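structure_21.csv follows; it contains CSV, C-alpha atoms.
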```csv
chain,number,residue,atom,x,y,z
X,1,MET,CA,-62.5,-56.9,21.8
X,2,GLU,CA,-60.0,-59.5,20.4
X,3,LYS,CA,-59.5,-59.3,16.6
X,4,PHE,CA,-60.0,-62.5,14.7
X,5,ASP,CA,-57.4,-62.2,11.9
X,6,SER,CA,-57.9,-65.8,10.7
X,7,MET,CA,-61.4,-65.2,9.4
X,8,GLU,CA,-61.9,-65.4,5.7
X,9,ALA,CA,-65.6,-65.0,5.2
X,10,ILE,CA,-68.6,-63.3,6.9
X,11,PHE,CA,-72.2,-64.4,6.4
X,12,PHE,CA,-75.3,-62.4,7.4
X,13,ASP,CA,-78.9,-63.3,8.1
X,14,MET,CA,-81.3,-61.1,6.1
X,15,GLY,CA,-84.6,-60.2,7.9
X,16,GLY,CA,-83.8,-58.6,11.2
X,17,THR,CA,-80.1,-58.3,10.5
X,18,LEU,CA,-79.3,-56.6,7.2
X,19,GLU,CA,-82.8,-55.2,7.3
X,20,GLU,CA,-85.2,-54.2,10.1
X,21,VAL,CA,-88.5,-56.0,10.0
X,22,TYR,CA,-91.8,-55.1,11.6
X,23,TYR,CA,-95.4,-56.3,11.2
X,24,ASP,CA,-98.8,-55.9,12.8
X,25,GLU,CA,-102.3,-57.3,12.1
X,26,LYS,CA,-103.5,-54.2,10.4
X,27,MET,CA,-100.7,-54.4,7.9
X,28,ARG,CA,-101.3,-58.0,7.2
X,29,LEU,CA,-105.1,-57.6,6.7
X,30,SER,CA,-104.4,-54.9,4.0
X,31,ALA,CA,-101.8,-57.2,2.4
X,32,SER,CA,-104.3,-60.1,2.1
X,33,GLY,CA,-106.4,-57.8,-0.1
X,34,THR,CA,-103.5,-57.6,-2.6
X,35,LEU,CA,-103.2,-61.4,-2.7
X,36,PHE,CA,-107.0,-61.7,-3.2
X,37,ARG,CA,-106.9,-59.3,-6.2
X,38,LEU,CA,-103.9,-61.2,-7.7
X,39,LEU,CA,-106.0,-64.4,-7.6
X,40,GLN,CA,-108.9,-62.7,-9.3
X,41,GLN,CA,-106.6,-61.3,-12.0
X,42,ASN,CA,-105.6,-64.8,-12.8
X,43,ASN,CA,-109.2,-66.1,-12.9
X,44,LEU,CA,-108.9,-67.9,-9.5
X,45,ASP,CA,-111.8,-67.4,-7.2
X,46,PRO,CA,-111.3,-68.9,-3.7
X,47,GLY,CA,-115.0,-68.4,-3.0
X,48,LEU,CA,-114.4,-66.7,0.3
X,49,SER,CA,-115.1,-63.3,1.8
X,50,LYS,CA,-112.0,-61.1,2.2
X,51,LYS,CA,-112.1,-61.6,5.9
X,52,ASP,CA,-112.2,-65.4,5.6
X,53,PHE,CA,-109.5,-65.3,3.0
X,54,HIS,CA,-107.3,-63.4,5.4
X,55,GLN,CA,-108.0,-65.9,8.1
X,56,LEU,CA,-107.1,-68.7,5.6
X,57,ILE,CA,-103.7,-67.1,4.8
X,58,THR,CA,-102.7,-66.4,8.4
X,59,SER,CA,-103.8,-69.8,9.7
X,60,SER,CA,-101.9,-71.5,6.9
X,61,LEU,CA,-98.8,-69.5,7.6
X,62,ASP,CA,-99.1,-70.4,11.3
X,63,ARG,CA,-99.4,-74.1,10.5
X,64,TYR,CA,-96.5,-74.0,8.2
X,65,GLN,CA,-94.4,-72.1,10.8
X,66,ILE,CA,-95.0,-74.9,13.3
X,67,TRP,CA,-94.1,-77.6,10.8
X,68,LYS,CA,-90.9,-75.9,9.4
X,69,THR,CA,-89.6,-75.0,12.9
X,70,LYS,CA,-90.1,-78.5,14.1
X,71,ASN,CA,-88.4,-80.1,11.1
X,72,ASN,CA,-85.9,-77.4,10.1
X,73,LEU,CA,-87.1,-77.9,6.5
X,74,GLU,CA,-88.3,-75.5,3.8
X,75,ILE,CA,-90.6,-76.4,0.9
X,76,ARG,CA,-91.0,-74.5,-2.3
X,77,ALA,CA,-93.6,-71.8,-2.7
X,78,ALA,CA,-95.8,-73.8,-5.1
X,79,ASP,CA,-96.1,-76.6,-2.5
X,80,PHE,CA,-97.0,-74.1,0.2
X,81,TRP,CA,-99.9,-72.6,-1.7
X,82,ASN,CA,-101.2,-75.8,-3.1
X,83,LYS,CA,-100.7,-78.1,-0.1
X,84,TYR,CA,-101.2,-75.7,2.8
X,85,VAL,CA,-103.3,-72.8,1.7
X,86,PHE,CA,-105.6,-73.9,-1.1
X,87,LYS,CA,-105.6,-77.7,-0.6
X,88,ASP,CA,-109.3,-77.8,0.3
X,89,LEU,CA,-110.4,-75.3,-2.4
X,90,ASN,CA,-111.3,-76.1,-6.0
X,91,LEU,CA,-108.5,-74.1,-7.6
X,92,SER,CA,-106.2,-75.1,-10.4
X,93,GLU,CA,-102.9,-76.3,-9.1
X,94,GLN,CA,-101.2,-75.4,-12.4
X,95,LYS,CA,-102.4,-71.8,-12.2
X,96,ILE,CA,-101.5,-71.5,-8.6
X,97,THR,CA,-98.0,-72.9,-9.4
X,98,GLN,CA,-97.6,-70.2,-12.1
X,99,ILE,CA,-98.1,-67.4,-9.6
X,100,ALA,CA,-96.8,-69.0,-6.4
X,101,GLU,CA,-93.6,-67.1,-6.3
X,102,LEU,CA,-95.4,-63.8,-6.9
X,103,LEU,CA,-97.9,-64.6,-4.1
X,104,THR,CA,-95.0,-65.4,-1.8
X,105,PHE,CA,-93.2,-62.2,-2.7
X,106,PHE,CA,-96.2,-60.2,-1.8
X,107,VAL,CA,-96.5,-62.0,1.5
X,108,GLU,CA,-92.8,-61.4,2.3
X,109,THR,CA,-92.9,-57.8,1.3
X,110,LEU,CA,-96.4,-56.7,2.3
X,111,PHE,CA,-97.0,-58.8,5.4
X,112,PHE,CA,-93.8,-57.2,6.7
X,113,ARG,CA,-92.4,-53.7,6.7
X,114,ARG,CA,-88.7,-53.9,5.7
X,115,ARG,CA,-86.0,-51.3,5.6
X,116,MET,CA,-82.2,-51.6,5.5
X,117,ARG,CA,-80.6,-51.4,8.8
X,118,LYS,CA,-78.5,-48.3,9.5
X,119,GLY,CA,-74.9,-48.4,8.5
X,120,VAL,CA,-75.1,-51.5,6.3
X,121,PRO,CA,-73.5,-50.1,3.1
X,122,GLN,CA,-70.5,-48.6,5.0
X,123,VAL,CA,-70.0,-51.8,7.0
X,124,LEU,CA,-70.1,-54.0,3.9
X,125,LYS,CA,-67.7,-51.7,2.1
X,126,ALA,CA,-65.2,-51.8,5.0
X,127,ILE,CA,-65.5,-55.6,5.1
X,128,LYS,CA,-64.8,-55.9,1.4
X,129,GLN,CA,-61.8,-53.7,1.7
X,130,LYS,CA,-60.4,-56.1,4.3
X,131,GLY,CA,-60.6,-58.9,1.8
X,132,LEU,CA,-63.3,-61.0,3.4
X,133,LYS,CA,-65.8,-62.9,1.4
X,134,ILE,CA,-69.4,-61.8,2.1
X,135,GLY,CA,-72.6,-63.9,1.9
X,136,CYS,CA,-76.1,-64.2,3.1
X,137,ILE,CA,-78.0,-67.2,4.5
X,138,SER,CA,-81.8,-66.6,4.7
X,139,ASN,CA,-84.7,-68.7,5.9
X,140,ILE,CA,-87.2,-67.8,3.3
X,141,LEU,CA,-90.1,-69.4,1.4
X,142,GLY,CA,-89.7,-67.6,-1.9
X,143,ILE,CA,-86.8,-67.0,-4.2
X,144,ILE,CA,-87.6,-63.3,-5.1
X,145,GLN,CA,-87.5,-61.2,-1.9
X,146,VAL,CA,-83.9,-61.5,-0.7
X,147,PRO,CA,-82.2,-60.6,-4.0
X,148,TYR,CA,-84.9,-58.0,-4.7
X,149,CYS,CA,-84.3,-56.2,-1.4
X,150,LEU,CA,-80.5,-56.5,-1.7
X,151,GLN,CA,-80.8,-54.9,-5.1
X,152,LYS,CA,-83.3,-52.3,-3.8
X,153,TYR,CA,-80.9,-51.3,-1.0
X,154,GLY,CA,-78.0,-51.0,-3.5
X,155,ILE,CA,-75.8,-53.6,-1.7
X,156,ILE,CA,-76.2,-56.8,-3.8
X,157,SER,CA,-72.8,-56.4,-5.5
X,158,TYR,CA,-71.1,-57.0,-2.1
X,159,PHE,CA,-72.6,-60.6,-1.9
X,160,GLU,CA,-70.6,-63.4,-3.5
X,161,ILE,CA,-72.9,-66.1,-2.0
X,162,ILE,CA,-76.6,-66.0,-1.3
X,163,VAL,CA,-78.1,-69.2,0.1
X,164,LEU,CA,-81.9,-69.5,0.5
X,165,SER,CA,-83.6,-72.2,2.5
X,166,CYS,CA,-86.3,-72.6,-0.1
X,167,ILE,CA,-83.7,-73.7,-2.6
X,168,TYR,CA,-81.4,-75.6,-0.3
X,169,GLY,CA,-84.3,-77.4,1.4
X,170,GLN,CA,-82.9,-77.1,5.0
X,171,ARG,CA,-83.5,-74.2,7.4
X,172,LYS,CA,-81.4,-72.6,10.1
X,173,PRO,CA,-80.6,-73.8,12.7
X,174,ASN,CA,-79.8,-77.0,10.8
X,175,PRO,CA,-75.9,-76.8,10.7
X,176,SER,CA,-75.8,-78.3,7.2
X,177,ILE,CA,-77.0,-75.0,5.6
X,178,PHE,CA,-74.1,-73.2,7.3
X,179,GLU,CA,-71.6,-75.9,6.3
X,180,TYR,CA,-72.9,-75.7,2.7
X,181,THR,CA,-72.4,-71.9,2.6
X,182,ALA,CA,-68.8,-72.2,3.9
X,183,LYS,CA,-68.1,-74.8,1.2
X,184,LEU,CA,-69.5,-72.5,-1.5
X,185,ALA,CA,-67.1,-69.8,-0.2
X,186,GLY,CA,-64.2,-72.2,-0.3
X,187,VAL,CA,-63.4,-71.8,3.3
X,188,GLU,CA,-63.5,-73.9,6.5
X,189,PRO,CA,-66.3,-73.2,8.9
X,190,ALA,CA,-63.8,-72.2,11.6
X,191,GLN,CA,-62.8,-69.3,9.2
X,192,CYS,CA,-66.3,-67.9,9.1
X,193,ILE,CA,-68.2,-65.3,11.0
X,194,TYR,CA,-72.0,-65.3,11.2
X,195,VAL,CA,-74.1,-62.4,12.2
X,196,GLY,CA,-77.8,-62.9,12.9
X,197,ASP,CA,-80.7,-61.6,15.1
X,198,THR,CA,-81.8,-64.9,16.8
X,199,VAL,CA,-80.1,-67.3,19.1
X,200,SER,CA,-82.6,-70.0,18.2
X,201,ARG,CA,-81.7,-70.0,14.5
X,202,ASP,CA,-78.6,-68.0,13.8
X,203,ILE,CA,-76.4,-68.6,16.8
X,204,ILE,CA,-77.2,-72.2,17.6
X,205,GLY,CA,-76.9,-73.2,13.9
X,206,SER,CA,-73.6,-71.4,13.3
X,207,LYS,CA,-72.1,-72.7,16.5
X,208,GLN,CA,-73.1,-76.3,15.7
X,209,ALA,CA,-71.5,-75.9,12.3
X,210,LYS,CA,-68.3,-74.9,14.1
X,211,TYR,CA,-68.1,-71.3,12.8
X,212,GLY,CA,-65.3,-69.3,14.2
X,213,LEU,CA,-67.5,-66.6,15.5
X,214,SER,CA,-71.2,-66.2,16.0
X,215,LEU,CA,-72.6,-62.7,16.7
X,216,LEU,CA,-76.0,-61.6,17.7
X,217,ILE,CA,-77.6,-58.2,16.7
X,218,PRO,CA,-81.0,-57.9,18.4
X,219,SER,CA,-84.1,-57.0,16.3
X,220,PHE,CA,-87.9,-56.8,16.6
X,221,LEU,CA,-87.9,-60.6,15.9
X,222,THR,CA,-85.5,-61.6,18.6
X,223,LYS,CA,-87.9,-61.6,21.5
X,224,ARG,CA,-90.6,-63.2,19.3
X,225,ASP,CA,-88.4,-66.1,18.3
X,226,ASP,CA,-86.0,-66.6,21.2
X,227,THR,CA,-87.0,-67.8,24.7
X,228,GLY,CA,-84.0,-66.3,26.4
X,229,ASN,CA,-83.2,-69.7,27.9
X,230,GLU,CA,-81.2,-71.1,25.1
X,231,MET,CA,-78.1,-72.9,26.3
X,232,ILE,CA,-75.9,-71.8,23.5
X,233,LYS,CA,-74.8,-68.2,23.7
X,234,PRO,CA,-73.4,-65.7,21.1
X,235,ASP,CA,-69.7,-64.8,21.2
X,236,ALA,CA,-70.8,-61.2,21.4
X,237,ILE,CA,-73.9,-59.0,21.1
X,238,LEU,CA,-73.7,-56.1,18.7
X,239,GLN,CA,-75.6,-53.0,19.6
X,240,ASP,CA,-75.1,-51.6,16.1
X,241,LEU,CA,-73.8,-53.2,12.9
X,242,GLU,CA,-70.8,-50.8,13.0
X,243,ASP,CA,-69.6,-52.7,16.2
X,244,LEU,CA,-68.7,-55.5,13.8
X,245,LEU,CA,-65.7,-53.5,12.5
X,246,GLU,CA,-64.1,-53.5,15.9
X,247,ILE,CA,-63.9,-57.3,15.6
X,248,ILE,CA,-62.7,-57.9,12.1
```
Encoding of this model in structure tokens:
Amino acid sequence: MEKFDSMEAIFFDMGGTLEEVYYDEKMRLSASGTLFRLLQQNNLDPGLSKKDFHQLITSSLDRYQIWKTKNNLEIRAADFWNKYVFKDLNLSEQKITQIAELLTFFVETLFFRRRMRKGVPQVLKAIKQKGLKIGCISNILGIIQVPYCLQKYGIISYFEIIVLSCIYGQRKPNPSIFEYTAKLAGVEPAQCIYVGDTVSRDIIGSKQAKYGLSLLIPSFLTKRDDTGNEMIKPDAILQDLEDLLEII
């Protein structure tokens, strides 16, 4: 494969790319119990059975998924819990706001099973040795999970730039979040490589932002989130993350 010697920076998606992600209904039902107990520990009683509480959480996540996908926007965690989940319940917005990020962290780490993708540390080390800047762009509702997992995996020191949609306000595939990240790195979009696991968010967005190279690495989420009929295609499909080293 042709080498792209003009590239100055490489940015990765988080869930599905740097880490493998999986979930099922049993896992999520168990996680809802943890959220329920957190509310009780903070003197917040939703007045629901655990089954109904789980249904409230999952239906709220589904409604928010539709809204954020349609608008390519991300709200802050406190707004999600107060305006989507508990808006019809007589719960203190102030108390919910105080624990909103923790509630969101539990959703993002207990509703999903996450583990670092094979070969990530070795690939990041090799990229760093080549002098490229490394960053992460993640569509995420809470501010804790991405830096927490990067730290847990022992790779956070490689990342000069971490851009979270919940802070920026725009979500992939909006090209502005890709353009913003390139600007933070001090490079032109044409000098950037992006690696992600969905065409619908990662490839389309980075292509529209005029990134020099847009690479797909399939995951559990790819078939869930992509139709397979997207008009924009990746420049290459990686079978393993190590394949990236053949390009750079």
| field | Nearest to Arg37 in chain X, chosen from X:Ala78, X:Leu124, X:Ile156, X:Leu103, with all atoms listed in the file counted in the distances | value | X:Leu103
| Who sits within 7 Å of range 170-178 of chain X, all atoms listed in the file, same chain under 6 positions skipped, as a list in words | Asn72, Leu73, Glu74, Asn139, Ser200, Arg201, Asp202, Ile204, Gly205, Ser206, Gln208 and Ala209 of chain X
| Among the residues X:Leu44, X:Leu215, X:Leu18, X:Pro234, the one that comes closest to Ile155 in chain X [using only C-alpha atoms] |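 Of X:Leu44, X:Leu215, X:Leu18, X:Pro234, the one nearest Ile155 in chain X, counting only C-alpha atoms, is X:Leu18.
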| message | I need the residue nearest Cys136 in chain X from this list: X:Met116, X:Val163, X:Leu29, X:Ile203. Use all atoms listed in the file for the distance. | response | X:Val163
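With all atoms listed in the file as the atoms that count, the residue of X:Gly47, X:Gly119, X:Gly212, X:Gly169 with the shortest distance to Glu188 in chain X is X:Gly212.
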| field | Polymer residues at most 9 Å from Lys95 in chain X, only C-alpha atoms, same-chain spacing of 3 or more positions, as a list in words | value | Asn42, Asn43, Leu44, Leu91, Ser92, Gln98, Ile99 and Ala100 of chain X
| Of the candidates X:Glu8, X:Gln239, X:Thr97, X:Gly16, which one gets nearest to Arg224 in chain X if we count all atoms listed in the file? |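 Among X:Glu8, X:Gln239, X:Thr97, X:Gly16, it is X:Gly16 that comes nearest to Arg224 in chain X.
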| said: Would you compute the distance between CA of Ile162 in chain X and CA of Ser138 in chain X? Give it in Å to one decimal. | reply: 8.0 Å
| Looking at X:Asp243, X:Asp79, X:Asp88, X:Glu179, which one is nearest to Leu141 in chain X, with distances taken over only C-alpha atoms? | X:Asp79
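Picture a line from CA of Gly33 in chain X to CA of Phe53 in chain X; it runs 8.7 Å.
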| query | Between CA of Phe86 in chain X and CA of Leu56 in chain X, what is the spacing in Å? | reply |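 Value for the CA of Leu56 in chain X-CA of Phe86 in chain X distance: 8.6 Å.
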Padded axis-aligned box of range 114-122 of chain X (5 Å per side), centre and edge lengths, Å, one decimal, as lines of an AutoDock Vina configuration file:
```
center_x = -79.6
center_y = -51.1
center_z = 6.3
size_x = 28.2
size_y = 15.6
size_z = 16.4
```
